[in-house]
Structures are given as C-alpha cells and as structure tokens.
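*Asks:* Below: one structure in structure tokens.
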Amino acid sequence: MKFFIDTANLDDIAEAQALGVLDGVTTNPSLMAKEGITGAENILAHYTKICDIVDGDVSAEVISTDFEGMVKEGEALAALHPQIVVKLPLIADGIKACKYFSDKGIRTNVTLVFSAGQALLAAKAGATYVSPFIGRLDDISTDGLNLIAEIRQIYDNYGFETQILAASVRHTMHLIDCAKLGSDVMTGPLSSIKGLLKHPLTDIGLAKFLEDYKKGN
Ligand code: E4P
C-alpha cells in the first residue's frame with residue numbers, strides 16, 4: 001500500500017519523506033488555508049515546494065466547478081510539475097473533466113467520494129485515483145471502512161485500474177484497516193504514519209537490550 005500524507009505543511013512532509021516510506025502528498029483548499037497559503041500565485045508556488053520535497057505524486061485540487069474552468073485550471077496545474085495529479089470533485093463536470101484528462105494522459109484524483117456508485121463512475125471516467133473519505137463517513141455514524149471494501153470488490157470484479165486512495169484517514173487503526181481491505185493507497189496525517197512505530201514491548205525490549213549490553217561492557 002502506498003502512503004500519502006494529507007497536508008500542506010512542509011515540515012510534516014519533509015519529516016515523512018525523511019522516514020523513507022512516503023509515496024506522495026494530497027492537499028485540498030482547506031489544508032492550504034490552514035497553512036496560510038492564499039492567492040493563486042502563492043498556491044502554485046507552494047505546490048512546487050511540495051514537489052521538490054517528495055518523490056511521488058502530489059494531488060492539487062481545482063477550485064472551478066464547471067467543465068471549462070476545471071480543464072483550464074487542471075492543465076495549468078499539470079504543467080506546473082510532472083508529479084502533479086489533478087484533483088477533481090465528484091460532480092458531473094468533474095467526471096467530464098476526469099474523462100478529458102484521462103484521454104489526454106493527465107493523471108487525476110477524483111475526490112469527495114462517499115458511495116460505491118460514485119467510485120464506479122470515477123473508474124469509468126478513467127480516474128487514476130479515487131478518494132473515498134472514510135473519516136467523514138465515520139463522523140456521521142456510517143461505516144467508512146465498508147465503503148473501501150465495496151469499492152475493492154467492484155474494481156476487482158471488472159479489473160478497473162483506478163487506484164483506491166483511502167482519504168480522510170484520521171488515525172493509525174484506519175490505516176491498518178485500509179491495508180487489510182486492500183486499499184491501494186492511504187492518505188492521512190503524519191501521526192497516522194508515525195503511530196505504526198509504536199509498541200510498548202519494542203520500547204521495553206530495547207531498554208533491556210541496552211541495559212544488558214552495558215552490564216557486559
Ligand atoms: C483527501 O484528499 C482529503 O484531503 C482529506 O483526506 C480530507 O480529510 P478530512 O476529512 O480529515 O478533512
């Protein structure tokens with residue numbers, strides 16, 4: 001499973017990259033705003049900074065909601081850097097734009113996916129990635145992980161190549177459950193990745209090894 005980090009924070013991206021397990025980054029307008037990145041020029045410059053840190057795919061989201069606007073914005077984003085993946089919302093014009101970009105060989109991430117039917121539509125339109133938001137489904141007392149299982153089954157039934165990018169991952173258990181369900185990618189905060197390191201028996205075992213080493217030296 002690929003690990004993406006879901007942030008526009010350059011320090012967190014650099015820390016995950018330094019760990020050696022990072023495969024990409026996802027951003028959205030809210031994450032950009034959280035870092036105080038505003039204005040088209042600053043936002044584009046920030047994408048370039050992210051691409052310079054990480055080796056893999058960097059999802060950059062369009063703001064337009066009409067087909068022409070999405071195409072114009074998406075083409076500008078894709079031209080910015082070869083690592084950029086154009087992120088499009090799951091609305092009718094987003095699906096049309098996804099098909100347009102997929103026919104042109106430009107990679108896409110269809111976002112704001114909350115049902116298996118939406119994921120099927122994105123795959124039919126040739127999306128590179130589809131982003132089901134599991135945390136936001138959990139927030140409304142719906143089973144987010146079940147959506148990952150449903151999409152996996154549908155994509156496997158028909159051999160769709162669209163990669164399932166489990167999004168809105170909030171914690172380490174989400175990440176592990178997505179891996180068990182066969183999600184191709186997960187995107188979450190740095191803490192969800194660093195949580196994988198933690199086990200009290202590792203800490204106790206290491207302390208004992210070091211203590212015993214000191215006794216013998
Ligand atoms: C996905 O690409 C989104 O950026 C993200 O995962 C949303 O997560 P949230 O529900 O924690 O805001």
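Letters for chains follow the order of the structure tokens (A, B, ...), residue numbers begin at 1 for each chain, and ligand numbers begin at 1 in the order shown.
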Just list as a VMD selection string whatever in stretch 56-179 of chain A DSSP marks as helix (DSSP H, G or I).
*Replies:* chain A and resid 67 to 80 92 to 103 116 to 124 134 to 139 144 to 158 172 to 179
*Asks:* Next, the residues of the selection above should be written as a compact mmCIF listing (two decimals), in the first residue's frame with C-alpha atoms.
*Replies:*
```txt
# COMPACT_ATOMS: atom_id res chain seq x y z
CA PHE A 67 -16.00 21.78 -17.05
CA GLU A 68 -14.20 24.61 -18.91
CA GLY A 69 -12.83 26.09 -15.69
CA MET A 70 -11.66 22.69 -14.44
CA VAL A 71 -9.90 21.96 -17.74
CA LYS A 72 -8.14 25.34 -17.72
CA GLU A 73 -7.07 25.05 -14.09
CA GLY A 74 -6.15 21.38 -14.36
CA GLU A 75 -3.98 21.95 -17.42
CA ALA A 76 -2.13 24.76 -15.62
CA LEU A 77 -1.63 22.55 -12.55
CA ALA A 78 -0.41 19.58 -14.62
CA ALA A 79 2.03 21.85 -16.48
CA LEU A 80 3.50 23.04 -13.19
CA ALA A 92 -20.98 15.85 -13.21
CA ASP A 93 -18.49 18.37 -14.61
CA GLY A 94 -15.72 16.79 -12.52
CA ILE A 95 -16.44 13.42 -14.13
CA LYS A 96 -16.43 15.02 -17.61
CA ALA A 97 -13.13 16.70 -16.82
CA CYS A 98 -11.75 13.41 -15.49
CA LYS A 99 -12.55 11.71 -18.82
CA TYR A 100 -11.00 14.65 -20.70
CA PHE A 101 -7.76 14.46 -18.70
CA SER A 102 -7.61 10.67 -18.79
CA ASP A 103 -7.92 10.74 -22.62
CA ALA A 116 -19.59 2.87 -4.22
CA GLY A 117 -21.65 4.21 -7.13
CA GLN A 118 -19.61 7.42 -7.23
CA ALA A 119 -16.41 5.35 -7.20
CA LEU A 120 -17.72 3.26 -10.12
CA LEU A 121 -18.40 6.44 -12.08
CA ALA A 122 -14.90 7.78 -11.43
CA ALA A 123 -13.36 4.49 -12.61
CA LYS A 124 -15.48 4.54 -15.78
CA ILE A 134 -13.67 7.25 5.37
CA GLY A 135 -13.27 9.58 8.37
CA ARG A 136 -16.08 11.88 7.27
CA LEU A 137 -18.38 8.86 6.83
CA ASP A 138 -17.47 7.70 10.35
CA ASP A 139 -18.25 11.23 11.56
CA GLY A 144 -16.31 4.37 6.23
CA LEU A 145 -14.24 1.20 6.00
CA ASN A 146 -17.15 -0.71 4.49
CA LEU A 147 -17.01 1.70 1.55
CA ILE A 148 -13.37 0.70 0.92
CA ALA A 149 -14.43 -2.98 0.90
CA GLU A 150 -17.29 -2.28 -1.54
CA ILE A 151 -15.10 -0.33 -3.96
CA ARG A 152 -12.37 -3.02 -3.79
CA GLN A 153 -14.94 -5.67 -4.75
CA ILE A 154 -16.37 -3.64 -7.64
CA TYR A 155 -12.96 -2.69 -9.05
CA ASP A 156 -11.74 -6.30 -8.78
CA ASN A 157 -14.92 -7.64 -10.45
CA TYR A 158 -14.17 -5.64 -13.60
CA THR A 172 -3.26 4.56 12.64
CA MET A 173 -6.04 1.95 13.00
CA HIS A 174 -7.77 3.44 9.95
CA LEU A 175 -4.50 2.99 8.06
CA ILE A 176 -4.10 -0.65 9.14
CA ASP A 177 -7.74 -1.48 8.36
CA CYS A 178 -7.39 0.07 4.89
CA ALA A 179 -4.31 -2.12 4.30
```
*Asks:* Residues contacting ligand 1 - anything with an atom at most 12 Å away, using only C-alpha atoms and all ligand atoms - can you give me those as a PDB file with N, CA and C atoms, in the first residue's frame?
*Replies:*
```pdb
ATOM      1  N   PHE A   4       0.470   8.164   1.388  1.00  0.00           N
ATOM      2  CA  PHE A   4       0.467   9.587   1.066  1.00  0.00           C
ATOM      3  C   PHE A   4       0.244  10.348   2.370  1.00  0.00           C
ATOM      4  N   ILE A   5       0.768  11.563   2.445  1.00  0.00           N
ATOM      5  CA  ILE A   5       0.490  12.403   3.609  1.00  0.00           C
ATOM      6  C   ILE A   5      -0.492  13.482   3.171  1.00  0.00           C
ATOM      7  N   ASP A   6      -1.483  13.719   4.038  1.00  0.00           N
ATOM      8  CA  ASP A   6      -2.600  14.608   3.707  1.00  0.00           C
ATOM      9  C   ASP A   6      -2.390  15.949   4.400  1.00  0.00           C
ATOM     10  N   THR A   7      -1.554  16.778   3.818  1.00  0.00           N
ATOM     11  CA  THR A   7      -1.220  18.051   4.454  1.00  0.00           C
ATOM     12  C   THR A   7      -0.537  18.971   3.448  1.00  0.00           C
ATOM     13  N   ALA A   8      -0.524  20.264   3.784  1.00  0.00           N
ATOM     14  CA  ALA A   8       0.267  21.218   3.000  1.00  0.00           C
ATOM     15  C   ALA A   8       1.407  21.755   3.869  1.00  0.00           C
ATOM     16  N   GLY A  24       3.746   9.955  -1.595  1.00  0.00           N
ATOM     17  CA  GLY A  24       3.072  11.091  -2.228  1.00  0.00           C
ATOM     18  C   GLY A  24       2.379  11.983  -1.208  1.00  0.00           C
ATOM     19  N   VAL A  25       1.739  13.019  -1.735  1.00  0.00           N
ATOM     20  CA  VAL A  25       1.071  14.024  -0.890  1.00  0.00           C
ATOM     21  C   VAL A  25      -0.295  14.327  -1.486  1.00  0.00           C
ATOM     22  N   THR A  26      -1.293  14.516  -0.601  1.00  0.00           N
ATOM     23  CA  THR A  26      -2.568  15.070  -1.064  1.00  0.00           C
ATOM     24  C   THR A  26      -2.792  16.389  -0.336  1.00  0.00           C
ATOM     25  N   THR A  27      -3.392  17.326  -1.053  1.00  0.00           N
ATOM     26  CA  THR A  27      -3.739  18.614  -0.448  1.00  0.00           C
ATOM     27  C   THR A  27      -5.184  18.898  -0.827  1.00  0.00           C
ATOM     28  N   ASN A  28      -5.740  19.896  -0.177  1.00  0.00           N
ATOM     29  CA  ASN A  28      -7.048  20.412  -0.594  1.00  0.00           C
ATOM     30  C   ASN A  28      -7.088  21.876  -0.200  1.00  0.00           C
ATOM     31  N   PRO A  29      -8.087  22.629  -0.659  1.00  0.00           N
ATOM     32  CA  PRO A  29      -8.112  24.066  -0.349  1.00  0.00           C
ATOM     33  C   PRO A  29      -8.127  24.353   1.154  1.00  0.00           C
ATOM     34  N   SER A  30      -8.758  23.490   1.940  1.00  0.00           N
ATOM     35  CA  SER A  30      -8.796  23.712   3.396  1.00  0.00           C
ATOM     36  C   SER A  30      -7.401  23.540   4.003  1.00  0.00           C
ATOM     37  N   LEU A  31      -6.672  22.527   3.520  1.00  0.00           N
ATOM     38  CA  LEU A  31      -5.318  22.291   4.054  1.00  0.00           C
ATOM     39  C   LEU A  31      -4.379  23.432   3.676  1.00  0.00           C
ATOM     40  N   MET A  32      -4.548  23.980   2.472  1.00  0.00           N
ATOM     41  CA  MET A  32      -3.737  25.129   2.047  1.00  0.00           C
ATOM     42  C   MET A  32      -4.035  26.327   2.947  1.00  0.00           C
ATOM     43  N   LYS A  34      -5.178  26.321   5.920  1.00  0.00           N
ATOM     44  CA  LYS A  34      -4.682  26.051   7.283  1.00  0.00           C
ATOM     45  C   LYS A  34      -3.226  26.495   7.435  1.00  0.00           C
ATOM     46  N   VAL A  58       1.699  14.315  -6.236  1.00  0.00           N
ATOM     47  CA  VAL A  58       1.190  15.406  -5.405  1.00  0.00           C
ATOM     48  C   VAL A  58      -0.163  15.844  -5.976  1.00  0.00           C
ATOM     49  N   SER A  59      -1.235  15.595  -5.224  1.00  0.00           N
ATOM     50  CA  SER A  59      -2.569  15.963  -5.708  1.00  0.00           C
ATOM     51  C   SER A  59      -2.831  17.444  -5.460  1.00  0.00           C
ATOM     52  N   ALA A  60      -3.231  18.147  -6.533  1.00  0.00           N
ATOM     53  CA  ALA A  60      -3.529  19.581  -6.458  1.00  0.00           C
ATOM     54  C   ALA A  60      -4.958  19.783  -6.948  1.00  0.00           C
ATOM     55  N   GLU A  61      -5.779  20.382  -6.087  1.00  0.00           N
ATOM     56  CA  GLU A  61      -7.233  20.426  -6.365  1.00  0.00           C
ATOM     57  C   GLU A  61      -7.654  21.686  -7.121  1.00  0.00           C
ATOM     58  N   VAL A  85      -0.866  15.613  -9.786  1.00  0.00           N
ATOM     59  CA  VAL A  85      -2.069  14.870 -10.163  1.00  0.00           C
ATOM     60  C   VAL A  85      -3.232  15.845  -9.972  1.00  0.00           C
ATOM     61  N   VAL A  86      -4.088  15.981 -10.987  1.00  0.00           N
ATOM     62  CA  VAL A  86      -5.181  16.957 -10.920  1.00  0.00           C
ATOM     63  C   VAL A  86      -6.335  16.370 -10.106  1.00  0.00           C
ATOM     64  N   LYS A  87      -6.691  17.089  -9.037  1.00  0.00           N
ATOM     65  CA  LYS A  87      -7.743  16.603  -8.139  1.00  0.00           C
ATOM     66  C   LYS A  87      -9.061  17.283  -8.496  1.00  0.00           C
ATOM     67  N   LEU A  88     -10.081  16.450  -8.755  1.00  0.00           N
ATOM     68  CA  LEU A  88     -11.364  16.947  -9.258  1.00  0.00           C
ATOM     69  C   LEU A  88     -12.490  16.468  -8.343  1.00  0.00           C
ATOM     70  N   PRO A  89     -13.487  17.329  -8.074  1.00  0.00           N
ATOM     71  CA  PRO A  89     -14.606  16.878  -7.239  1.00  0.00           C
ATOM     72  C   PRO A  89     -15.552  15.959  -7.997  1.00  0.00           C
ATOM     73  N   THR A 108      -5.341  11.918 -12.688  1.00  0.00           N
ATOM     74  CA  THR A 108      -6.399  12.572 -11.906  1.00  0.00           C
ATOM     75  C   THR A 108      -6.646  11.850 -10.583  1.00  0.00           C
ATOM     76  N   ASN A 109      -7.180  12.626  -9.642  1.00  0.00           N
ATOM     77  CA  ASN A 109      -7.641  12.074  -8.359  1.00  0.00           C
ATOM     78  C   ASN A 109      -9.055  12.614  -8.166  1.00  0.00           C
ATOM     79  N   VAL A 110     -10.046  11.721  -8.240  1.00  0.00           N
ATOM     80  CA  VAL A 110     -11.429  12.173  -8.062  1.00  0.00           C
ATOM     81  C   VAL A 110     -11.761  12.121  -6.571  1.00  0.00           C
ATOM     82  N   THR A 111     -12.118  13.296  -6.039  1.00  0.00           N
ATOM     83  CA  THR A 111     -12.237  13.458  -4.598  1.00  0.00           C
ATOM     84  C   THR A 111     -13.684  13.657  -4.159  1.00  0.00           C
ATOM     85  N   LEU A 112     -13.875  13.651  -2.832  1.00  0.00           N
ATOM     86  CA  LEU A 112     -15.210  13.805  -2.229  1.00  0.00           C
ATOM     87  C   LEU A 112     -16.122  12.653  -2.639  1.00  0.00           C
ATOM     88  N   VAL A 113     -15.585  11.445  -2.531  1.00  0.00           N
ATOM     89  CA  VAL A 113     -16.332  10.232  -2.880  1.00  0.00           C
ATOM     90  C   VAL A 113     -16.878   9.594  -1.590  1.00  0.00           C
ATOM     91  N   PHE A 114     -18.182   9.386  -1.570  1.00  0.00           N
ATOM     92  CA  PHE A 114     -18.845   8.861  -0.373  1.00  0.00           C
ATOM     93  C   PHE A 114     -19.716   7.643  -0.651  1.00  0.00           C
ATOM     94  N   TYR A 129      -6.766   7.908  -9.522  1.00  0.00           N
ATOM     95  CA  TYR A 129      -7.086   7.629  -8.118  1.00  0.00           C
ATOM     96  C   TYR A 129      -8.533   8.014  -7.840  1.00  0.00           C
ATOM     97  N   VAL A 130      -9.160   7.285  -6.917  1.00  0.00           N
ATOM     98  CA  VAL A 130     -10.463   7.691  -6.399  1.00  0.00           C
ATOM     99  C   VAL A 130     -10.311   7.834  -4.887  1.00  0.00           C
ATOM    100  N   SER A 131     -10.861   8.929  -4.340  1.00  0.00           N
ATOM    101  CA  SER A 131     -10.664   9.204  -2.908  1.00  0.00           C
ATOM    102  C   SER A 131     -11.949   9.089  -2.095  1.00  0.00           C
ATOM    103  N   PRO A 132     -12.233   7.897  -1.553  1.00  0.00           N
ATOM    104  CA  PRO A 132     -13.344   7.770  -0.610  1.00  0.00           C
ATOM    105  C   PRO A 132     -12.924   8.330   0.757  1.00  0.00           C
ATOM    106  N   PHE A 133     -13.771   9.173   1.344  1.00  0.00           N
ATOM    107  CA  PHE A 133     -13.442   9.859   2.614  1.00  0.00           C
ATOM    108  C   PHE A 133     -13.967   9.038   3.789  1.00  0.00           C
ATOM    109  N   ILE A 134     -13.150   8.166   4.341  1.00  0.00           N
ATOM    110  CA  ILE A 134     -13.665   7.255   5.367  1.00  0.00           C
ATOM    111  C   ILE A 134     -13.944   7.960   6.701  1.00  0.00           C
ATOM    112  N   GLY A 135     -13.078   8.895   7.084  1.00  0.00           N
ATOM    113  CA  GLY A 135     -13.270   9.581   8.374  1.00  0.00           C
ATOM    114  C   GLY A 135     -14.561  10.380   8.397  1.00  0.00           C
ATOM    115  N   ARG A 136     -14.858  11.056   7.285  1.00  0.00           N
ATOM    116  CA  ARG A 136     -16.082  11.879   7.269  1.00  0.00           C
ATOM    117  C   ARG A 136     -17.331  11.007   7.281  1.00  0.00           C
ATOM    118  N   LEU A 137     -17.242   9.785   6.727  1.00  0.00           N
ATOM    119  CA  LEU A 137     -18.383   8.862   6.830  1.00  0.00           C
ATOM    120  C   LEU A 137     -18.532   8.399   8.283  1.00  0.00           C
ATOM    121  N   ASP A 138     -17.412   8.078   8.925  1.00  0.00           N
ATOM    122  CA  ASP A 138     -17.469   7.695  10.346  1.00  0.00           C
ATOM    123  C   ASP A 138     -18.086   8.820  11.175  1.00  0.00           C
ATOM    124  N   ASP A 139     -17.740  10.068  10.805  1.00  0.00           N
ATOM    125  CA  ASP A 139     -18.253  11.234  11.557  1.00  0.00           C
ATOM    126  C   ASP A 139     -19.776  11.277  11.588  1.00  0.00           C
ATOM    127  N   ILE A 140     -20.419  10.731  10.529  1.00  0.00           N
ATOM    128  CA  ILE A 140     -21.892  10.757  10.523  1.00  0.00           C
ATOM    129  C   ILE A 140     -22.463   9.364  10.825  1.00  0.00           C
ATOM    130  N   GLY A 144     -17.219   3.936   7.291  1.00  0.00           N
ATOM    131  CA  GLY A 144     -16.308   4.367   6.230  1.00  0.00           C
ATOM    132  C   GLY A 144     -15.513   3.218   5.636  1.00  0.00           C
ATOM    133  N   ILE A 164      -7.578   2.822  -5.451  1.00  0.00           N
ATOM    134  CA  ILE A 164      -8.375   3.283  -4.310  1.00  0.00           C
ATOM    135  C   ILE A 164      -7.444   4.016  -3.351  1.00  0.00           C
ATOM    136  N   LEU A 165      -7.726   5.304  -3.170  1.00  0.00           N
ATOM    137  CA  LEU A 165      -6.913   6.149  -2.296  1.00  0.00           C
ATOM    138  C   LEU A 165      -7.767   6.472  -1.058  1.00  0.00           C
ATOM    139  N   ALA A 166      -7.639   5.659  -0.026  1.00  0.00           N
ATOM    140  CA  ALA A 166      -8.449   5.886   1.176  1.00  0.00           C
ATOM    141  C   ALA A 166      -8.076   7.241   1.769  1.00  0.00           C
ATOM    142  N   ALA A 167      -9.052   8.151   1.795  1.00  0.00           N
ATOM    143  CA  ALA A 167      -8.794   9.512   2.266  1.00  0.00           C
ATOM    144  C   ALA A 167      -9.555   9.767   3.553  1.00  0.00           C
ATOM    145  N   SER A 168      -9.258  10.939   4.149  1.00  0.00           N
ATOM    146  CA  SER A 168      -9.879  11.273   5.430  1.00  0.00           C
ATOM    147  C   SER A 168      -9.550  10.184   6.461  1.00  0.00           C
ATOM    148  N   VAL A 169      -8.343   9.641   6.322  1.00  0.00           N
ATOM    149  CA  VAL A 169      -7.808   8.697   7.315  1.00  0.00           C
ATOM    150  C   VAL A 169      -7.405   9.540   8.512  1.00  0.00           C
ATOM    151  N   ARG A 170      -7.886   9.172   9.681  1.00  0.00           N
ATOM    152  CA  ARG A 170      -7.675  10.039  10.842  1.00  0.00           C
ATOM    153  C   ARG A 170      -6.641   9.495  11.823  1.00  0.00           C
ATOM    154  N   HIS A 171      -6.421   8.173  11.799  1.00  0.00           N
ATOM    155  CA  HIS A 171      -5.529   7.589  12.806  1.00  0.00           C
ATOM    156  C   HIS A 171      -4.921   6.281  12.278  1.00  0.00           C
ATOM    157  N   HIS A 174      -7.184   3.259  11.282  1.00  0.00           N
ATOM    158  CA  HIS A 174      -7.774   3.436   9.948  1.00  0.00           C
ATOM    159  C   HIS A 174      -6.791   2.927   8.886  1.00  0.00           C
ATOM    160  N   LEU A 175      -5.535   3.360   9.044  1.00  0.00           N
ATOM    161  CA  LEU A 175      -4.501   2.986   8.059  1.00  0.00           C
ATOM    162  C   LEU A 175      -4.368   1.461   7.967  1.00  0.00           C
ATOM    163  N   VAL A 185      -3.839   2.825  -1.733  1.00  0.00           N
ATOM    164  CA  VAL A 185      -3.153   3.988  -1.160  1.00  0.00           C
ATOM    165  C   VAL A 185      -3.947   4.435   0.063  1.00  0.00           C
ATOM    166  N   MET A 186      -3.257   5.057   1.008  1.00  0.00           N
ATOM    167  CA  MET A 186      -4.000   5.765   2.058  1.00  0.00           C
ATOM    168  C   MET A 186      -3.378   7.147   2.186  1.00  0.00           C
ATOM    169  N   THR A 187      -4.220   8.139   2.508  1.00  0.00           N
ATOM    170  CA  THR A 187      -3.662   9.454   2.806  1.00  0.00           C
ATOM    171  C   THR A 187      -4.168   9.892   4.166  1.00  0.00           C
ATOM    172  N   GLY A 188      -3.215  10.268   5.018  1.00  0.00           N
ATOM    173  CA  GLY A 188      -3.575  10.654   6.384  1.00  0.00           C
ATOM    174  C   GLY A 188      -2.541  11.617   6.942  1.00  0.00           C
ATOM    175  N   PRO A 189      -2.774  12.060   8.190  1.00  0.00           N
ATOM    176  CA  PRO A 189      -1.806  12.960   8.815  1.00  0.00           C
ATOM    177  C   PRO A 189      -0.513  12.216   9.175  1.00  0.00           C
ATOM    178  N   SER A 192      -0.695   9.467  11.736  1.00  0.00           N
ATOM    179  CA  SER A 192      -1.219   8.130  11.393  1.00  0.00           C
ATOM    180  C   SER A 192      -0.094   7.212  10.914  1.00  0.00           C
TER     181      SER A 192
END
```
*Asks:* Can you tell me, as number ranges by chain, which residues in chain A count as strand (DSSP E or B) by DSSP?
*Replies:* A: 2-6, 24-26, 57-61, 84-89, 108-113, 129-133, 163-167, 185-188
*Asks:* Could you state the separation of atom CA of A:Thr38 and atom CA of A:Leu19 in Å, given to one decimal place?
*Replies:*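 Pair atom CA of A:Thr38 / atom CA of A:Leu19 returns 29.0 Å.
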*Asks:* Can you list, as an MDAnalysis selection string, every protein, DNA or RNA residue that comes within 7 Å of A:Gln83 when you count only C-alpha atoms, leaving out same-chain residues fewer than 3 positions away?
*Replies:* chainID A and resid 51 56:58
